[in-house]
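J.: Input file: target_30.pdb. Contents: PDB, C-alpha atoms and all ligand atoms.
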```pdb
MODEL        1
ATOM      1  CA  MET T 404      -4.144 -20.183  23.907  1.00  0.00           C
ATOM      2  CA  LYS T 405      -7.824 -21.025  24.171  1.00  0.00           C
ATOM      3  CA  SER T 406      -9.306 -22.733  21.173  1.00  0.00           C
ATOM      4  CA  GLY T 407     -11.340 -20.334  19.143  1.00  0.00           C
ATOM      5  CA  THR T 408      -8.993 -17.441  19.756  1.00  0.00           C
ATOM      6  CA  ARG T 409      -8.490 -15.541  16.577  1.00  0.00           C
ATOM      7  CA  ILE T 410      -6.396 -12.597  15.597  1.00  0.00           C
ATOM      8  CA  ALA T 411      -8.059 -10.500  12.943  1.00  0.00           C
ATOM      9  CA  LEU T 412      -6.031  -8.767  10.288  1.00  0.00           C
ATOM     10  CA  HIS T 413      -7.738  -6.238   8.133  1.00  0.00           C
ATOM     11  CA  ARG T 414      -6.853  -7.016   4.542  1.00  0.00           C
ATOM     12  CA  LEU T 415      -6.224  -3.375   3.701  1.00  0.00           C
ATOM     13  CA  ASP T 416      -3.804  -3.005   6.578  1.00  0.00           C
ATOM     14  CA  LEU T 417      -1.208  -5.220   4.932  1.00  0.00           C
ATOM     15  CA  CYS T 418       1.191  -4.024   2.275  1.00  0.00           C
ATOM     16  CA  PRO T 419       0.904  -6.512  -0.640  1.00  0.00           C
ATOM     17  CA  VAL T 420       4.569  -6.052  -1.536  1.00  0.00           C
ATOM     18  CA  CYS T 421       6.375  -6.629   1.755  1.00  0.00           C
ATOM     19  CA  LEU T 422       3.422  -8.129   3.648  1.00  0.00           C
ATOM     20  CA  VAL T 423       4.095  -5.841   6.585  1.00  0.00           C
ATOM     21  CA  GLY T 424       1.184  -4.031   8.186  1.00  0.00           C
ATOM     22  CA  PHE T 425       0.923  -0.302   7.743  1.00  0.00           C
ATOM     23  CA  SER T 426       1.499   2.030  10.646  1.00  0.00           C
ATOM     24  CA  ALA T 427      -0.233   5.358  11.001  1.00  0.00           C
ATOM     25  CA  GLY T 428       1.689   7.987   9.110  1.00  0.00           C
ATOM     26  CA  ASP T 429       3.534   5.539   6.827  1.00  0.00           C
ATOM     27  CA  SER T 430       4.162   7.015   3.403  1.00  0.00           C
ATOM     28  CA  CYS T 431       1.957   5.037   1.011  1.00  0.00           C
ATOM     29  CA  ALA T 432       1.299   4.993  -2.700  1.00  0.00           C
ATOM     30  CA  THR T 433      -1.299   3.266  -4.841  1.00  0.00           C
ATOM     31  CA  ASP T 434      -0.185   0.550  -7.244  1.00  0.00           C
ATOM     32  CA  ILE T 435      -2.525   0.229 -10.200  1.00  0.00           C
ATOM     33  CA  GLU T 436      -2.875  -3.528  -9.659  1.00  0.00           C
ATOM     34  CA  LEU T 437      -1.979  -4.130  -6.038  1.00  0.00           C
ATOM     35  CA  GLY T 438      -3.698  -1.174  -4.419  1.00  0.00           C
ATOM     36  CA  THR T 439      -2.201   0.579  -1.438  1.00  0.00           C
ATOM     37  CA  CYS T 440       1.485  -0.191  -0.811  1.00  0.00           C
ATOM     38  CA  HIS T 441       4.316   1.485   1.044  1.00  0.00           C
ATOM     39  CA  ALA T 442       5.740   4.206  -1.165  1.00  0.00           C
ATOM     40  CA  ALA T 443       9.193   2.760  -0.508  1.00  0.00           C
ATOM     41  CA  CYS T 444       8.051  -0.676  -1.712  1.00  0.00           C
ATOM     42  CA  LEU T 445       7.035   0.792  -5.069  1.00  0.00           C
ATOM     43  CA  GLU T 446      10.290   2.646  -5.572  1.00  0.00           C
ATOM     44  CA  GLY T 447      11.714   1.914  -8.996  1.00  0.00           C
ATOM     45  CA  ALA T 448       8.390   0.735 -10.402  1.00  0.00           C
ATOM     46  CA  PRO T 449       7.128   2.501 -13.521  1.00  0.00           C
ATOM     47  CA  VAL T 450       4.805   5.399 -12.725  1.00  0.00           C
ATOM     48  CA  VAL T 451       1.556   5.560 -14.662  1.00  0.00           C
ATOM     49  CA  TYR T 452      -1.530   7.702 -14.432  1.00  0.00           C
ATOM     50  CA  LEU T 453      -4.090   5.838 -12.371  1.00  0.00           C
ATOM     51  CA  ASP T 454      -7.011   6.780 -14.602  1.00  0.00           C
ATOM     52  CA  THR T 455      -5.453   6.128 -18.019  1.00  0.00           C
ATOM     53  CA  GLY T 456      -2.541   3.741 -17.390  1.00  0.00           C
ATOM     54  CA  GLU T 457      -0.339   6.023 -19.485  1.00  0.00           C
ATOM     55  CA  PRO T 458       3.305   6.328 -18.415  1.00  0.00           C
ATOM     56  CA  SER T 459       4.122   9.416 -16.383  1.00  0.00           C
ATOM     57  CA  ASP T 460       7.353  11.193 -15.593  1.00  0.00           C
ATOM     58  CA  GLY T 461       5.724  12.871 -12.664  1.00  0.00           C
ATOM     59  CA  PRO T 462       6.421  12.139  -9.041  1.00  0.00           C
ATOM     60  CA  VAL T 463       4.547   9.330  -7.350  1.00  0.00           C
ATOM     61  CA  THR T 464       1.536  10.492  -5.399  1.00  0.00           C
ATOM     62  CA  THR T 465       2.045   9.485  -1.798  1.00  0.00           C
ATOM     63  CA  PHE T 466      -0.148   9.891   1.231  1.00  0.00           C
ATOM     64  CA  PRO T 467       0.196   9.112   4.911  1.00  0.00           C
ATOM     65  CA  TYR T 468      -1.519   5.940   6.016  1.00  0.00           C
ATOM     66  CA  GLU T 469      -4.439   6.532   8.336  1.00  0.00           C
ATOM     67  CA  PRO T 470      -5.969   3.599  10.177  1.00  0.00           C
ATOM     68  CA  ASP T 471      -9.773   3.407  10.175  1.00  0.00           C
TER      69      ASP T 471
HETATM   70 ZN    ZN X 501       5.548  -2.501   1.941  1.00  0.00          ZN
ENDMDL
END
```
Can the structure from this file be put into structure tokens for me?
Ligand SMILES: [Zn+2]
T.:
Amino acid sequence: MKSGTRIALHRLDLCPVCLVGFSAGDSCATDIELGTCHAACLEGAPVVYLDTGEPSDGPVTTFPYEPD
């Protein structure tokens, strides 16, 4: 490897829970403190409303990951 070679990782492309990069179409959810994580990685965590922090019984909002 030539000196100066660098591999760039976009910070947002890494799940803060499992530290595995997201792939397009991965089911993701937003943790109130950690930000975007895999939905599966947040399974079992308490669900709260993002705007109020109040506990919720509702289903977790998930969305497919889309790379920039
Ligand atoms: Zn993850």
J.: When distances are computed from only C-alpha atoms, which of T:Tyr452, T:Thr408, T:Gly428, T:Leu417 shows the smallest separation from Phe466 (chain T)?
T.: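 Closest to Phe466 (chain T), using only C-alpha atoms: T:Gly428.
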J.: Which residues are near ligand ZN 501 (chain X) - at most 8 Å, using only C-alpha atoms and all ligand atoms? Format: as JSON, numbers by chain.
T.: {"T": [417, 418, 419, 420, 421, 422, 423, 424, 425, 440, 441, 442, 443, 444, 445]}
J.: Have a look at CA of Leu453 (chain T) and CA of Ile435 (chain T) and let me know their distance in Å, one decimal.
T.: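 Interatomic distance, CA of Leu453 (chain T) to CA of Ile435 (chain T): 6.2 Å.
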J.: To one decimal place, how far is CA of Gly447 (chain T) from CA of Asp416 (chain T) in Å?
T.: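 These atoms are spaced 22.5 Å apart.
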J.: Taking only C-alpha atoms into account, which of T:Ser430, T:Ser406, T:Gly461, T:Glu469 comes nearest Pro449 (chain T)?
T.: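 Checking each of T:Ser430, T:Ser406, T:Gly461, T:Glu469 against Pro449 (chain T), counting only C-alpha atoms, the winner is T:Gly461.
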J.: What's the separation between CA of Leu437 (chain T) and CA of Pro467 (chain T), in Å to one decimal place?
T.: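 Interatomic distance here is 17.3 Å.
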J.: Please evaluate the PyMOL selection byres (((chain T and resi 465) around 6) and not hetatm) against the displayed coordinates and give the resulting residues as a list in words.
T.: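 Going through the file, the PyMOL selection byres (((chain T and resi 465) around 6) and not hetatm) ends up selecting Cys431, Ala432, Thr464 and Phe466 of chain T.
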J.: May I ask which of the residues T:Asp460, T:Asp454, T:Lys405, T:Asp471 is the closest one to Thr433 (chain T), counting only C-alpha atoms?
T.: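 Once distances to Thr433 (chain T) are computed over only C-alpha atoms, the minimum belongs to T:Asp454.
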J.: Take every atom of region 453-468 of chain T listed in the file, fit an axis-aligned box around them, add 8 Å per side, and give the centre and edge lengths in Å to one decimal as lines of an AutoDock Vina configuration file.
T.:
```
center_x = 0.2
center_y = 8.3
center_z = -6.7
size_x = 30.4
size_y = 25.1
size_z = 41.5
```
J.: Between T:Val463, T:Pro470, T:Arg409, T:Pro458, single out the one closest to Glu446 (chain T), counting all atoms listed in the file.
T.: T:Val463
J.: Any chance you could build region 429-459 of chain T out to N, CA and C atoms and write it as an mmCIF file, keeping the file's coordinate frame?
T.:
```
data_model
loop_
_atom_site.group_PDB
_atom_site.id
_atom_site.type_symbol
_atom_site.label_atom_id
_atom_site.label_comp_id
_atom_site.auth_asym_id
_atom_site.auth_seq_id
_atom_site.Cartn_x
_atom_site.Cartn_y
_atom_site.Cartn_z
ATOM 1 N N ASP T 429 2.652 6.110 7.848
ATOM 2 C CA ASP T 429 3.534 5.539 6.827
ATOM 3 C C ASP T 429 3.264 6.202 5.480
ATOM 4 N N SER T 430 4.313 6.451 4.738
ATOM 5 C CA SER T 430 4.162 7.015 3.403
ATOM 6 C C SER T 430 3.721 5.909 2.449
ATOM 7 N N CYS T 431 2.540 6.071 1.868
ATOM 8 C CA CYS T 431 1.957 5.037 1.011
ATOM 9 C C CYS T 431 1.735 5.562 -0.393
ATOM 10 N N ALA T 432 1.627 4.653 -1.330
ATOM 11 C CA ALA T 432 1.299 4.993 -2.700
ATOM 12 C C ALA T 432 0.380 3.900 -3.237
ATOM 13 N N THR T 433 -0.350 4.223 -4.291
ATOM 14 C CA THR T 433 -1.299 3.266 -4.841
ATOM 15 C C THR T 433 -0.725 2.607 -6.082
ATOM 16 N N ASP T 434 -0.580 1.294 -6.056
ATOM 17 C CA ASP T 434 -0.185 0.550 -7.244
ATOM 18 C C ASP T 434 -1.442 0.244 -8.039
ATOM 19 N N ILE T 435 -1.337 0.354 -9.354
ATOM 20 C CA ILE T 435 -2.525 0.229 -10.200
ATOM 21 C C ILE T 435 -3.145 -1.160 -10.089
ATOM 22 N N GLU T 436 -2.345 -2.174 -9.776
ATOM 23 C CA GLU T 436 -2.875 -3.528 -9.659
ATOM 24 C C GLU T 436 -3.000 -3.997 -8.212
ATOM 25 N N LEU T 437 -2.042 -3.600 -7.394
ATOM 26 C CA LEU T 437 -1.979 -4.130 -6.038
ATOM 27 C C LEU T 437 -2.779 -3.305 -5.043
ATOM 28 N N GLY T 438 -3.025 -2.043 -5.374
ATOM 29 C CA GLY T 438 -3.698 -1.174 -4.419
ATOM 30 C C GLY T 438 -2.690 -0.441 -3.554
ATOM 31 N N THR T 439 -3.055 -0.207 -2.314
ATOM 32 C CA THR T 439 -2.201 0.579 -1.438
ATOM 33 C C THR T 439 -0.961 -0.204 -1.016
ATOM 34 N N CYS T 440 0.210 0.390 -1.208
ATOM 35 C CA CYS T 440 1.485 -0.191 -0.811
ATOM 36 C C CYS T 440 2.300 0.901 -0.128
ATOM 37 N N HIS T 441 3.362 0.492 0.572
ATOM 38 C CA HIS T 441 4.316 1.485 1.044
ATOM 39 C C HIS T 441 4.919 2.193 -0.170
ATOM 40 N N ALA T 442 5.091 3.481 -0.068
ATOM 41 C CA ALA T 442 5.740 4.206 -1.165
ATOM 42 C C ALA T 442 7.136 3.637 -1.421
ATOM 43 N N ALA T 443 7.838 3.289 -0.355
ATOM 44 C CA ALA T 443 9.193 2.760 -0.508
ATOM 45 C C ALA T 443 9.185 1.424 -1.240
ATOM 46 N N CYS T 444 8.127 0.639 -1.065
ATOM 47 C CA CYS T 444 8.051 -0.676 -1.712
ATOM 48 C C CYS T 444 7.827 -0.547 -3.217
ATOM 49 N N LEU T 445 7.304 0.598 -3.643
ATOM 50 C CA LEU T 445 7.035 0.792 -5.069
ATOM 51 C C LEU T 445 8.161 1.565 -5.749
ATOM 52 N N GLU T 446 9.183 1.896 -4.995
ATOM 53 C CA GLU T 446 10.290 2.646 -5.572
ATOM 54 C C GLU T 446 10.898 1.872 -6.736
ATOM 55 N N GLY T 447 11.125 2.550 -7.839
ATOM 56 C CA GLY T 447 11.714 1.914 -8.996
ATOM 57 C C GLY T 447 10.690 1.340 -9.958
ATOM 58 N N ALA T 448 9.434 1.233 -9.512
ATOM 59 C CA ALA T 448 8.390 0.735 -10.402
ATOM 60 C C ALA T 448 7.989 1.844 -11.371
ATOM 61 N N PRO T 449 7.560 1.475 -12.569
ATOM 62 C CA PRO T 449 7.128 2.501 -13.521
ATOM 63 C C PRO T 449 5.912 3.257 -12.985
ATOM 64 N N VAL T 450 5.916 4.560 -13.189
ATOM 65 C CA VAL T 450 4.805 5.399 -12.725
ATOM 66 C C VAL T 450 3.833 5.606 -13.880
ATOM 67 N N VAL T 451 2.575 5.332 -13.641
ATOM 68 C CA VAL T 451 1.556 5.560 -14.662
ATOM 69 C C VAL T 451 0.419 6.367 -14.043
ATOM 70 N N TYR T 452 -0.337 7.021 -14.898
ATOM 71 C CA TYR T 452 -1.530 7.702 -14.432
ATOM 72 C C TYR T 452 -2.569 6.654 -14.058
ATOM 73 N N LEU T 453 -3.161 6.835 -12.880
ATOM 74 C CA LEU T 453 -4.090 5.838 -12.371
ATOM 75 C C LEU T 453 -5.328 5.715 -13.257
ATOM 76 N N ASP T 454 -5.763 6.825 -13.847
ATOM 77 C CA ASP T 454 -7.011 6.780 -14.602
ATOM 78 C C ASP T 454 -6.824 6.293 -16.030
ATOM 79 N N THR T 455 -5.633 6.498 -16.622
ATOM 80 C CA THR T 455 -5.453 6.128 -18.019
ATOM 81 C C THR T 455 -4.466 4.985 -18.210
ATOM 82 N N GLY T 456 -3.575 4.754 -17.229
ATOM 83 C CA GLY T 456 -2.541 3.741 -17.390
ATOM 84 C C GLY T 456 -1.382 4.206 -18.246
ATOM 85 N N GLU T 457 -1.425 5.476 -18.673
ATOM 86 C CA GLU T 457 -0.339 6.023 -19.485
ATOM 87 C C GLU T 457 0.884 6.277 -18.619
ATOM 88 N N PRO T 458 2.082 6.061 -19.185
ATOM 89 C CA PRO T 458 3.305 6.328 -18.415
ATOM 90 C C PRO T 458 3.391 7.800 -18.023
ATOM 91 N N SER T 459 3.972 8.055 -16.877
ATOM 92 C CA SER T 459 4.122 9.416 -16.383
ATOM 93 C C SER T 459 5.539 9.633 -15.904
#
```
